[in-house]
Amino acid sequence: MAVEAPSDGDHVYLRLEGITKSFPGVVANCGINLDVGRGEIHAVLGENGAGKSTLMKVLYGFWQPDAGTISVDGKRLDLRSPSDAIRAGIGMVFQSFMLIPAFSVAENIALTLPGSGVLLSVSAIRARLREFGSRYGLSVEADAKVWQLSVGEQQRVEIVKLLVSGARVLILDEPTSVLAPHEVTKLFEILQTLRRDGYTILFVTHKLNEVMAIADRITVLRKGGVVGTLPRAGATLPDLVDMLLGERELRAGSFERRDHEPGGRAVLELHDLSVRSDRGRTGLARVSLRVCAGEIVGVAGVTGNGQTELGEAILGLRRPAGGRVVLDGVDVTRRSTAAILAQGVACIPEDPLRMGVAPGLTIAENMVLDERARYMPFGGLLTDWRAIRREIELRVENFGIAIPRLSVPVGTLSGGNVQRLLLLRALARKPRLLVAFYPTRGLDIAATRMAQELLMVSRNGGAATLLISEDLDELFALSDRLVVLSRGAVAGSFRPGEVETVDVGLLMTGAAKRHEWQASPASSIPGS
Amino acid sequence: MLAMLQSVLGGGIRAGTPILYATLGEVISERAGVVNLGVEGGILVGACAGFITTAHTQNPMLGIAAAALAGGLAGLVHAFMVVTLRSNQIASGLALMFLCLGVTSFVGRPYVAVKINAVPQASVPGLSRLPLVGTVLFTHDVLVYGAYLLAPLIWLLLFHTKWGLALRAVGERPAVAYASGLPTSLIQYGAVVSGGVLSGIAGAHLSLAYARSWVEGMSNGRGFIAVALVIFATWHPLRSVVGAVVFGAVFALQLQIQARGVALSPYFLDMTPYLLTLVGLLLMGRARRHAMPEGLRAVFEGVT
Amino acid sequence: MASVARLVDSRVLIPLRLLGLTALAFVAVGAFLLLFGRNPIEAYGVIFKGAFGSGYGLSEVVVRAIPLMLCAVATAIPARMGLLNVGGEGQLHGGAMAATWGALTLGALPRGALLPGLVILGLLGGAAAAFVPAFLRWAAGVNETISTLLLNYVIVLLVEYMVRGPWKDPMSYNWPFTPEFPESARLSFYWGTRIHAGLWFALVAITLFYLALRRTRWGYEIRVIGDNPDAAARAGIPLGRYVLLTMCVGGALAGLAGMAEVCAIQSRLRPGISTGFGYTGFLVSWLALHHPLGIVVMALLLGVLSVGGDMVQISLGLPYATVNIIMALIFFVVLGGRFRKSRSG
C-alpha cells in the first residue's frame with residue numbers, strides 16, 4: 001500500500017498552492033496548500049463551514065479561486081469550468097448526486113460519454129459496465145432506473161461515470177453521509193481497489209472513524225485554513241478532534257443549568273415517531289423523546305440525519321408513518337399545522353428565507369405571520385398597523401437589529417437579520433413549545449449571545465424548547481438535556497455535565513457506537 | 001354495424017391526425033421541459049398559412065411546407081420568451097395563442113369562402129384491399145400516413161439516439177444536463193421549434209385535408225386537448241397515437257350520430273371531447289405524475 | 001438610499017417602462033399593417049377618434065370596460081396566490097345562464113326582489129363554473145389553466161344548446177335567443193348612454209378586492225401564499241381551501257359580468273353576448289400586474305381598443321382582429337419585460 005507521504009515533488013500528483021476564495025462577506029478558503037500523491041486516498045477533514053466544499057469545488061472548476069494555483073502531474077491547470085476539470089482527469093461525486101432519476105443507469109452514463117454516432121449504443125455501455133463491475137466491484141444493473149437504486153448503488157453509478165469519462169483524480173464529497181453501514185464497507189473496498197490501480201482519491205468528510213479506516217493521509221481544515229496534514233499511522237482520534245474543533249473557549253456553563261428534574265409537565269412527547277424518507281434522504285426511525293416546560297432539550301446531529309423530518313412531523317407538515325406526537329397531553333399526530341400552531345407551538349425553521357418569511361412582503365407584515373388572529377382581529381378589518389409597527393420597533397431596537405424601516409420587503413435584508421427577526425417573532429408569542437433550528441446561525445458574536453439569552457429567558461418563563469443545532473458549544477451551553485440524532489434515530493441521551501463535547505462529537509459522527517452511550521439514569525426518555 | 005364501426009375508426013384516424021401531430025410536437029417540447037399552450041396558436045397559423053399558400057399556388061404540398069414554417073415561427077416566439085427571457089411558460093403560451101388568433105383572423109379573412117385543391121387521397125396499393133382493415137387504415141391522404149409514421153420515428157429519436165437522450169436530460173434536470181456539457185438552451189430552442197413545426201402541420205391537415213376550408217379559430221381547442229393528451233400518453237409518442245385515435249373517433253362518432261338523425265343535440269356531442277379530456281385529467285389524478293419530466297413540475301404544480 | 005431607488009423603481013419606473021413597451025407593440029402592429037398595404041397612422045387615428053371623438057364613443061369605452069374589469073378581477077384574485085384562471089369566458093357565460101334562468105322563471109317578482117336575486121344567481125353561476133377547475137386542482141392536482149380553457153368551450157356550447165333548445169324564444173323565427181327579459185329584470189342605464197348599473201358592480205368589486213387584499217386577513221394570507229407557499233404552509237395557512245376560495249370568488253365576479261351583459265345590454269341570452277370579454281379580461285389583469293388600480297386603467301385602455309376595433313371595421317374595412325393583435329403584442333412585451341420576479345404556477 002502506498003502509505004508513504006510524498007515528501008518531494010516527484011511523488012506529488014496533485015498540488016494545490018495558496019488557494020484563496022472569498023464570497024461576499026466570508027473568506028471560505030485562505031491560502032490553502034494541499035499535496036496529494038498518485039494512488040493515495042487523502043482525507044480532507046473539517047466541520048461544516050470549514051471550507052472543504054469550497055476547496056473541492058475550486059478543484060473541480062466549479063468556482064475560480066481568487067488566488068492560488070492547481071497542478072496535476074507537474075502541469076499547471078487553468079480550470080474555468082467543470083468540463084475543463086473533467087478534461088484534466090478530475091472528477092467529483094457530489095453529495096447530491098448528478099444523476100437523472102428517471103433515466104436508466106446506461107442512459108446516465110451515456111450522457112457523459114464523449115463519442116461519435118447518433119444512435120445510443122447501450123450494448124457498448126453494458127460492456128464497459130461489466131468491465132468496471134468485475135475489476136472494481138462496481139456492479140450495477142445497466143437497465144435499472146436510477147430512482148429504483150439504493151443510494152449506495154447510485155453512488156457506484158456516479159463513480160463509474162467518472163471512470164468512464166477518464167478521471168484519474170476522484171473527489172468524493174461526504175460520500176458516506178447517505179450510506180448504510182454495509183454500504184460504507186462496500187464503498188471502502190471499491191476505493192481500495194481503485195487506489196491499487198493508481199487512482200488518486202480525495203475523501204471529504206467530518207467522520208473521524210472513517211478517516212482512520214480508509215485514509216492514507218489526512219488534511220484537517222478549520223475556518224477556511226489548513227490546520228495540518230498528517231499520515232494516518234501517526235494520527236490518533238483525540239489529536240484529530242483537537243485539530244478539528246480547535247481551542248475551545250469555555251462558553252459552556254455560563255448559563256445556569258437545571259441540574260434537577262424540571263418540575264414542569266411534559267409539553268412535547270414523541271412516542272416511536274417514524275417518518276418515511278424521501279428519495280435519498282434519511283427519515284425518522286422510532287424516535288421517542290420528551291420536552292418538559294421550562295426545559296431546553298438539545299438535538300445534536302450532523303445536518304441531514306432526520307432533523308428536518310423531525311421538525312416537519314412535529315409541526316404537522318408531514319404525516320408520520322407511525323408513532324404519536326403528543327402536545328400538552330393531547331394527541332396531535334393527525335392535526336393540521338394550523339391547529340398545532342394554535343396550541344402554542346413556534347418554530348424557527350432551518351432555512352429562514354425559504355421557509356420562514358414571504359420575502360416580497362414587508363418586515364411588519366412578516367412579523368405578524370404566526371399570530372394573524374391576534375394582530376388582525378375581525379378578519380383583519382381592525383388591524384392597527386401603526387400599533388404593530390411600534391411594538392415591533394421596540395422589540396427590534398432592544399435586540400439591536402439595524403433595519404431602515406419596517407415597510408421594506410424582508411427579501412432585502414441580510415440572512416442574519418432575517419434570522420434575528422424570526423427569533424423575535426417566535427419568542428414574542430411566549431410559546432409553550434419552541435422548535436428552534438440553528439437559532440444562532442449567521443449571527444455575529446454579540447447577537448449570538450443576545451439570542452442565547454433570549455432563549456434562556458424564554459425557558460425560565462416556562463417554555464419547552466427543542467433546540468436543533470450542529471454547534472456543540474451552543475448545545476452544551478444552553479441545553480438541560482441532550483439527544484444525539486444519527487441516521488434518523490436517537491443515538492444517545494444525557495445531561496451536558498456528564499460528558500465532554502468530544503464524546504458527543506464522536507457519537508454524532510458515528511465514530512462511537514450507541515451502546516457506549518446508553519441513556520443516563522436520570523434521563524426521562526421513554527423507550528430508550 | 002360493421003360498416004359503422006369501420007367508418008368511425010377510419011374517420012377517427014382522419015380526425016385524429018391533426019391532434020396526433022400537435023400531440024407529438026408537444027411531447028417533444030415537454031420532454032425538453034417546455035410546456036407550450038401556444039400549440040393552439042401553432043395549429044391556427046399552420047392552417048391559415050397552408051390554406052393561403054395552397055389557394056395561391058394550387059399546390060397543397062407547398063401549403064404543407066408553408067404551414068410547417070409558420071408553426072415553426074410560432075414555436076420560435078415561445079422559445080424566445082421562455083428560454084431566453086425566462087417568462088412564465090403558461091402565460092407565454094396563452095399570449096402566443098392570442099397573437100396567432102388575431103393574426104390569422106386578420107390575414108385569413110379574404111380566404112374564408114375560397115375553394116382549394118385538397119391534399120390528395122392516396123390509397124396504398126394492395127393494402128387498401130385488405131378485408132376489414134383495408135379501407136380503415138389505408139385509404140387516406142398522405143398527411144395521415146405521415147403522422148402514423150412520425151410517431152415511431154419520434155419514439156426512436158427520443159429513446160434511441162443521443163439527441164433524444166440529451167433532450168430528455170434537459171427536460172428532467174437541466175443542471176445535470178448542463179454539468180454534462182450539453183447546450184441546454186439550444187436544445188430547448190430546437191425542441192420547441194420542432195414542436196411548433198408539427199403543430200403547423202397539424203393545422204395544415206385541418207384546413208387542407210379535413211375541413212378543406214379556412215374558418216377563423218378553426219382549431220377549436222384541439223391544441224389544448226393535445227396538451228392534455230400528452231399527459232394521458234405519459235409523454236410517450238406511441239401512446240399518443242392511441243389517444244389521438246380515441247379523440248378522433250369521438251369527432252367521427254359525432255358525424256355518424258348526426259347523420260343517423262339520433263335525437264341528441266349536436267351541442268352536447270360537440271362538448272364530448274372537452275368533457276372527456278376533463279374526466280380523463282380527473283381520473284388520472286396524480287397517478288401518472290411520476291412519468292412527468294421533472295423539469296415540468298414547477299410549471300404544472302406551483303401552489304399546493 | 002437603496003430603498004429610495006427601489007421605491008422610485010416600483011412607483012415610477014414600472015408604469016414608465018410599461019408605457020414604453022406598449023408603444024413598442026403599437027409600432028410593431030403599425031409595421032404589420034404597412035406590410036398589408038394599410039396606413040397605420042390612419043388606423044390609429046380612427047381608433048382614437050372612435051373612442052374619444054364623441055360622447056358616445058367615450059360612453060362605449062366605459063360599457064366595454066365593465067365586463068373587462070370584472071373578468072380581470074376574476075383572473076387577478078387567484079393570480080395573487082399563483083393560480084392562472086383563464087376561465088373568465090366560461091364563468092361569464094355561467095353567470096349569464098344562471099341569471100337568465102332567474103329572469104325567465106321568476107319574472108313575476110317585483111323588481112326590488114328580482115334584481116338582487118339575479119345578482120346572486122349571476123355570482124353563483126360564475127362560482128359554479130369556477131368550482132369545477134378549482135375542485136379538480138384541489139382533489140387531483142389538475143392544472144387549472146388547462147381545465148379552465150377546456151371548460152370555456154363546454155359552457156359556451158351549453159349556452160348554444162339552451163338558446164336553441166329549452167330556452168328558445170317561440171316568437172324568434174328560429175333565431176337563437178331567449179325571450180326578452182321582463183322589465184323588472186333589467187338593470188338601469190344612465191345618462192342616456194348604454195352605461196349600466198354593472199359599472200357599480202365592477203367598481204365595488206375592484207374596491208373590495210383592493211381592501212380585501214390590503215386590509216383583511218384573507219387578503220394578507222393570499223399575498224403570503226403568492227409570495228412563498230412554503231412559508232404559508234408552515235404558518236398554518238390552509239392552501240387547499242384558498243384554491244377553492246379564490247377561484248370561486250373570481251368566477252363569481254366573472255359571472256356577475258355575464259349577468260350584467262344579459263340584464264342590461266342584451267336583455268336576453270344569446271350566443272355571442274361576450275366578444276371574448278373573459279380572455280380580454282385575463283389580458284387586462286396581466287397587463288395591470290394583477291393590481292386593482294391598474295385593472296381600472298388597463299380595462300379602460302383595452303376598452304378604447306375594443307371600441308376602436310369596431311370603428312376600423314366600419315370605416316376602414318380592417319378586421320376587428322387588428323386590435324386583438326395589438327392586445328396580444330402588448331401582453332407579450334409586458335411578459336417579456338419582466339416586471340416581477342418570475343413566479344411559476
# chains A, B, ... in the order shown; residues from 1 in each chain; ligands from 1
>>> interface_residues(of="chain A", to="chain C", cutoff="6 Å", atoms="only C-alpha atoms", output="PDB file with all heavy atoms, in the first residue's frame")
ATOM      1  N   THR A 337     -51.518  21.740  10.608  1.00  0.00           N
ATOM      2  CA  THR A 337     -50.483  22.645  11.089  1.00  0.00           C
ATOM      3  C   THR A 337     -51.089  23.801  11.870  1.00  0.00           C
ATOM      4  O   THR A 337     -50.589  24.186  12.929  1.00  0.00           O
ATOM      5  CB  THR A 337     -49.680  23.184   9.890  1.00  0.00           C
ATOM      6  OG1 THR A 337     -49.153  22.089   9.167  1.00  0.00           O
ATOM      7  CG2 THR A 337     -48.549  24.076  10.350  1.00  0.00           C
ATOM      8  N   ALA A 338     -52.185  24.351  11.325  1.00  0.00           N
ATOM      9  CA  ALA A 338     -52.807  25.493  11.994  1.00  0.00           C
ATOM     10  C   ALA A 338     -53.213  25.120  13.418  1.00  0.00           C
ATOM     11  O   ALA A 338     -52.987  25.886  14.360  1.00  0.00           O
ATOM     12  CB  ALA A 338     -54.021  25.958  11.187  1.00  0.00           C
ATOM     13  N   MET A 355     -38.314  29.142   4.234  1.00  0.00           N
ATOM     14  CA  MET A 355     -39.416  28.521   4.958  1.00  0.00           C
ATOM     15  C   MET A 355     -40.110  29.456   5.931  1.00  0.00           C
ATOM     16  O   MET A 355     -41.214  29.174   6.379  1.00  0.00           O
ATOM     17  CB  MET A 355     -38.902  27.313   5.752  1.00  0.00           C
ATOM     18  CG  MET A 355     -38.244  26.264   4.916  1.00  0.00           C
ATOM     19  SD  MET A 355     -37.459  25.069   6.017  1.00  0.00           S
ATOM     20  CE  MET A 355     -36.982  23.812   4.842  1.00  0.00           C
ATOM     21  N   GLY A 356     -39.445  30.553   6.274  1.00  0.00           N
ATOM     22  CA  GLY A 356     -39.977  31.338   7.383  1.00  0.00           C
ATOM     23  C   GLY A 356     -40.650  32.636   6.999  1.00  0.00           C
ATOM     24  O   GLY A 356     -41.474  33.152   7.751  1.00  0.00           O
ATOM     25  N   VAL A 357     -40.286  33.187   5.854  1.00  0.00           N
ATOM     26  CA  VAL A 357     -40.812  34.507   5.526  1.00  0.00           C
ATOM     27  C   VAL A 357     -41.323  34.549   4.101  1.00  0.00           C
ATOM     28  O   VAL A 357     -40.975  33.721   3.271  1.00  0.00           O
ATOM     29  CB  VAL A 357     -39.721  35.602   5.669  1.00  0.00           C
ATOM     30  CG1 VAL A 357     -39.314  35.770   7.109  1.00  0.00           C
ATOM     31  CG2 VAL A 357     -38.528  35.317   4.778  1.00  0.00           C
ATOM     32  N   ALA A 358     -42.178  35.543   3.845  1.00  0.00           N
ATOM     33  CA  ALA A 358     -42.590  35.858   2.479  1.00  0.00           C
ATOM     34  C   ALA A 358     -41.725  37.041   2.065  1.00  0.00           C
ATOM     35  O   ALA A 358     -41.969  38.158   2.510  1.00  0.00           O
ATOM     36  CB  ALA A 358     -44.068  36.208   2.431  1.00  0.00           C
ATOM     37  N   ASP A 370     -47.174  34.574  12.272  1.00  0.00           N
ATOM     38  CA  ASP A 370     -47.506  33.472  13.164  1.00  0.00           C
ATOM     39  C   ASP A 370     -48.728  33.756  14.035  1.00  0.00           C
ATOM     40  O   ASP A 370     -49.287  32.856  14.640  1.00  0.00           O
ATOM     41  CB  ASP A 370     -46.328  33.182  14.092  1.00  0.00           C
ATOM     42  CG  ASP A 370     -45.276  32.362  13.393  1.00  0.00           C
ATOM     43  OD1 ASP A 370     -45.566  31.886  12.275  1.00  0.00           O
ATOM     44  OD2 ASP A 370     -44.180  32.213  13.939  1.00  0.00           O
ATOM     45  N   GLY A 379     -61.320  39.444  11.118  1.00  0.00           N
ATOM     46  CA  GLY A 379     -60.948  39.230   9.722  1.00  0.00           C
ATOM     47  C   GLY A 379     -59.905  40.212   9.224  1.00  0.00           C
ATOM     48  O   GLY A 379     -59.678  40.334   8.037  1.00  0.00           O
ATOM     49  N   GLY A 380     -59.272  40.916  10.149  1.00  0.00           N
ATOM     50  CA  GLY A 380     -58.226  41.835   9.741  1.00  0.00           C
ATOM     51  C   GLY A 380     -58.719  43.258   9.548  1.00  0.00           C
ATOM     52  O   GLY A 380     -57.924  44.169   9.318  1.00  0.00           O
ATOM     53  N   LEU A 381     -60.038  43.448   9.681  1.00  0.00           N
ATOM     54  CA  LEU A 381     -60.572  44.795   9.460  1.00  0.00           C
ATOM     55  C   LEU A 381     -60.074  45.774  10.518  1.00  0.00           C
ATOM     56  O   LEU A 381     -59.942  46.959  10.261  1.00  0.00           O
ATOM     57  CB  LEU A 381     -62.108  44.755   9.452  1.00  0.00           C
ATOM     58  CG  LEU A 381     -62.700  44.001   8.270  1.00  0.00           C
ATOM     59  CD1 LEU A 381     -64.202  43.863   8.424  1.00  0.00           C
ATOM     60  CD2 LEU A 381     -62.356  44.728   6.966  1.00  0.00           C
TER      61      LEU A 381
END
>>> closest_atom_pairs(of="chain C", to="chain B", cutoff="7 Å", atoms="only C-alpha atoms", output="JSON lines")
{"residue": "C:Gly82", "atom": "CA", "partner": "B:Val303", "partner_atom": "CA", "distance": 6.5}
{"residue": "C:Leu136", "atom": "CA", "partner": "B:Leu282", "partner_atom": "CA", "distance": 6.3}
{"residue": "C:Ala140", "atom": "CA", "partner": "B:Gly285", "partner_atom": "CA", "distance": 4.2}
{"residue": "C:Gly141", "atom": "CA", "partner": "B:Arg286", "partner_atom": "CA", "distance": 6.2}
{"residue": "C:Val142", "atom": "CA", "partner": "B:Leu281", "partner_atom": "CA", "distance": 6.3}
{"residue": "C:Asn143", "atom": "CA", "partner": "B:Phe300", "partner_atom": "CA", "distance": 6.0}
{"residue": "C:Ile146", "atom": "CA", "partner": "B:Phe224", "partner_atom": "CA", "distance": 6.7}
{"residue": "C:Ser147", "atom": "CA", "partner": "B:Leu278", "partner_atom": "CA", "distance": 6.5}
{"residue": "C:Leu150", "atom": "CA", "partner": "B:Tyr274", "partner_atom": "CA", "distance": 5.6}
{"residue": "C:Val154", "atom": "CA", "partner": "B:Met271", "partner_atom": "CA", "distance": 5.3}
{"residue": "C:Leu157", "atom": "CA", "partner": "B:Tyr267", "partner_atom": "CA", "distance": 5.7}
{"residue": "C:Leu158", "atom": "CA", "partner": "B:Tyr267", "partner_atom": "CA", "distance": 6.9}
{"residue": "C:Glu160", "atom": "CA", "partner": "B:Tyr267", "partner_atom": "CA", "distance": 7.0}
{"residue": "C:Tyr161", "atom": "CA", "partner": "B:Tyr267", "partner_atom": "CA", "distance": 5.7}
{"residue": "C:Pro229", "atom": "CA", "partner": "B:Val303", "partner_atom": "CA", "distance": 6.3}
{"residue": "C:Leu239", "atom": "CA", "partner": "B:Thr304", "partner_atom": "CA", "distance": 6.3}
{"residue": "C:Gly240", "atom": "CA", "partner": "B:Thr304", "partner_atom": "CA", "distance": 6.8}
{"residue": "C:Pro319", "atom": "CA", "partner": "B:Phe106", "partner_atom": "CA", "distance": 5.8}
{"residue": "C:Ala321", "atom": "CA", "partner": "B:Gly102", "partner_atom": "CA", "distance": 4.9}
{"residue": "C:Thr322", "atom": "CA", "partner": "B:Phe106", "partner_atom": "CA", "distance": 6.5}
{"residue": "C:Asn324", "atom": "CA", "partner": "B:Gly102", "partner_atom": "CA", "distance": 5.2}
{"residue": "C:Ile325", "atom": "CA", "partner": "B:Gly102", "partner_atom": "CA", "distance": 4.9}
{"residue": "C:Ala328", "atom": "CA", "partner": "B:Leu99", "partner_atom": "CA", "distance": 4.9}
{"residue": "C:Leu329", "atom": "CA", "partner": "B:Leu99", "partner_atom": "CA", "distance": 6.7}
{"residue": "C:Phe331", "atom": "CA", "partner": "B:Ala95", "partner_atom": "CA", "distance": 6.3}
{"residue": "C:Phe332", "atom": "CA", "partner": "B:Ala95", "partner_atom": "CA", "distance": 6.1}
{"residue": "C:Leu335", "atom": "CA", "partner": "B:Ser87", "partner_atom": "CA", "distance": 6.2}
{"residue": "C:Gly336", "atom": "CA", "partner": "B:Leu85", "partner_atom": "CA", "distance": 6.0}
{"residue": "C:Ser342", "atom": "CA", "partner": "B:Asn88", "partner_atom": "CA", "distance": 6.6}
{"residue": "C:Arg343", "atom": "CA", "partner": "B:Asn88", "partner_atom": "CA", "distance": 6.9}
{"residue": "C:Ser344", "atom": "CA", "partner": "B:Val299", "partner_atom": "CA", "distance": 5.6}
{"residue": "C:Gly345", "atom": "CA", "partner": "B:Gly302", "partner_atom": "CA", "distance": 4.0}
>>> interface_residues(of="chain A", to="chain B", cutoff="6 Å", atoms="only C-alpha atoms", output="PyMOL selection string")
chain A and resi 98+112+118-120
>>> write_last_selection(atoms="all heavy atoms", output="mmCIF file, in the first residue's frame")
data_model
loop_
_atom_site.group_PDB
_atom_site.id
_atom_site.type_symbol
_atom_site.label_atom_id
_atom_site.label_comp_id
_atom_site.auth_asym_id
_atom_site.auth_seq_id
_atom_site.Cartn_x
_atom_site.Cartn_y
_atom_site.Cartn_z
ATOM 1 N N MET A 98 -25.342 13.901 -9.229
ATOM 2 C CA MET A 98 -25.679 14.496 -10.512
ATOM 3 C C MET A 98 -26.188 13.408 -11.454
ATOM 4 O O MET A 98 -25.590 13.123 -12.477
ATOM 5 C CB MET A 98 -24.452 15.192 -11.109
ATOM 6 C CG MET A 98 -24.026 16.419 -10.347
ATOM 7 S SD MET A 98 -25.344 17.658 -10.287
ATOM 8 C CE MET A 98 -24.591 18.970 -11.203
ATOM 9 N N THR A 112 -22.690 11.331 -20.257
ATOM 10 C CA THR A 112 -21.374 11.942 -20.074
ATOM 11 C C THR A 112 -20.362 11.374 -21.046
ATOM 12 O O THR A 112 -19.236 11.832 -21.081
ATOM 13 C CB THR A 112 -20.859 11.673 -18.658
ATOM 14 O OG1 THR A 112 -21.091 10.307 -18.370
ATOM 15 C CG2 THR A 112 -21.540 12.548 -17.664
ATOM 16 N N VAL A 118 -24.854 8.823 -33.677
ATOM 17 C CA VAL A 118 -26.104 9.412 -33.234
ATOM 18 C C VAL A 118 -26.892 8.402 -32.417
ATOM 19 O O VAL A 118 -27.512 8.730 -31.426
ATOM 20 C CB VAL A 118 -26.922 9.865 -34.455
ATOM 21 C CG1 VAL A 118 -28.318 10.265 -34.037
ATOM 22 C CG2 VAL A 118 -26.213 11.025 -35.133
ATOM 23 N N LEU A 119 -26.820 7.148 -32.821
ATOM 24 C CA LEU A 119 -27.588 6.137 -32.114
ATOM 25 C C LEU A 119 -26.976 5.849 -30.749
ATOM 26 O O LEU A 119 -25.758 5.851 -30.580
ATOM 27 C CB LEU A 119 -27.634 4.858 -32.939
ATOM 28 C CG LEU A 119 -28.559 4.900 -34.155
ATOM 29 C CD1 LEU A 119 -28.561 3.563 -34.853
ATOM 30 C CD2 LEU A 119 -29.978 5.277 -33.723
ATOM 31 N N LEU A 120 -27.856 5.619 -29.809
ATOM 32 C CA LEU A 120 -27.400 5.216 -28.487
ATOM 33 C C LEU A 120 -26.993 3.761 -28.573
ATOM 34 O O LEU A 120 -27.779 2.926 -29.001
ATOM 35 C CB LEU A 120 -28.570 5.281 -27.502
ATOM 36 C CG LEU A 120 -28.803 6.537 -26.720
ATOM 37 C CD1 LEU A 120 -29.956 6.276 -25.759
ATOM 38 C CD2 LEU A 120 -27.569 6.916 -25.976
#
>>> residues_around(residues="C:Glu89", least_positions_apart="4", cutoff="7 Å", atoms="only C-alpha atoms", output="list of chain:residue names")
C:His93, C:Asn152, C:Gly276, C:Phe277, C:Gly278, C:Tyr279
>>> atom_distance(atom1="atom CA of A:Gly322", atom2="atom CA of A:Leu506")
29.3 Å
>>> residues_around(residues="stretch 384-394 of chain A", least_positions_apart="5", cutoff="12 Å", atoms="only C-alpha atoms", output="VMD selection string")
(chain A and resid 362 to 368 371 to 372 374 to 378 399 to 407 421 to 422 424 to 425 428) or (chain C and resid 214 to 216)
>>> atom_distance(atom1="atom CA of A:Ala464", atom2="atom CA of A:Gly416")
24.4 Å
>>> residues_around(residues="B:Ser29", least_positions_apart="2", cutoff="10 Å", atoms="only C-alpha atoms", output="NGL selection string")
:B and (23-27 or 31-36 or 75 or 79 or 167-168 or 171 or 187-196 or 235)
>>> residues_around(residues="A:Ile19", least_positions_apart="4", cutoff="7 Å", atoms="only C-alpha atoms", output="JSON, numbers by chain")
{"A": [29, 30, 31, 32, 33, 65, 67, 68, 69]}
>>> residues_around(residues="C:Val61", least_positions_apart="5", cutoff="10 Å", atoms="only C-alpha atoms", output="list in words")
Gly50, Ala51, Phe52, Gly55, Tyr56, Ile66, Ile195, Ala299, Leu300, Leu301, Leu302, Gly303, Val304, Leu305, Ser306, Val307 and Gly308 of chain C
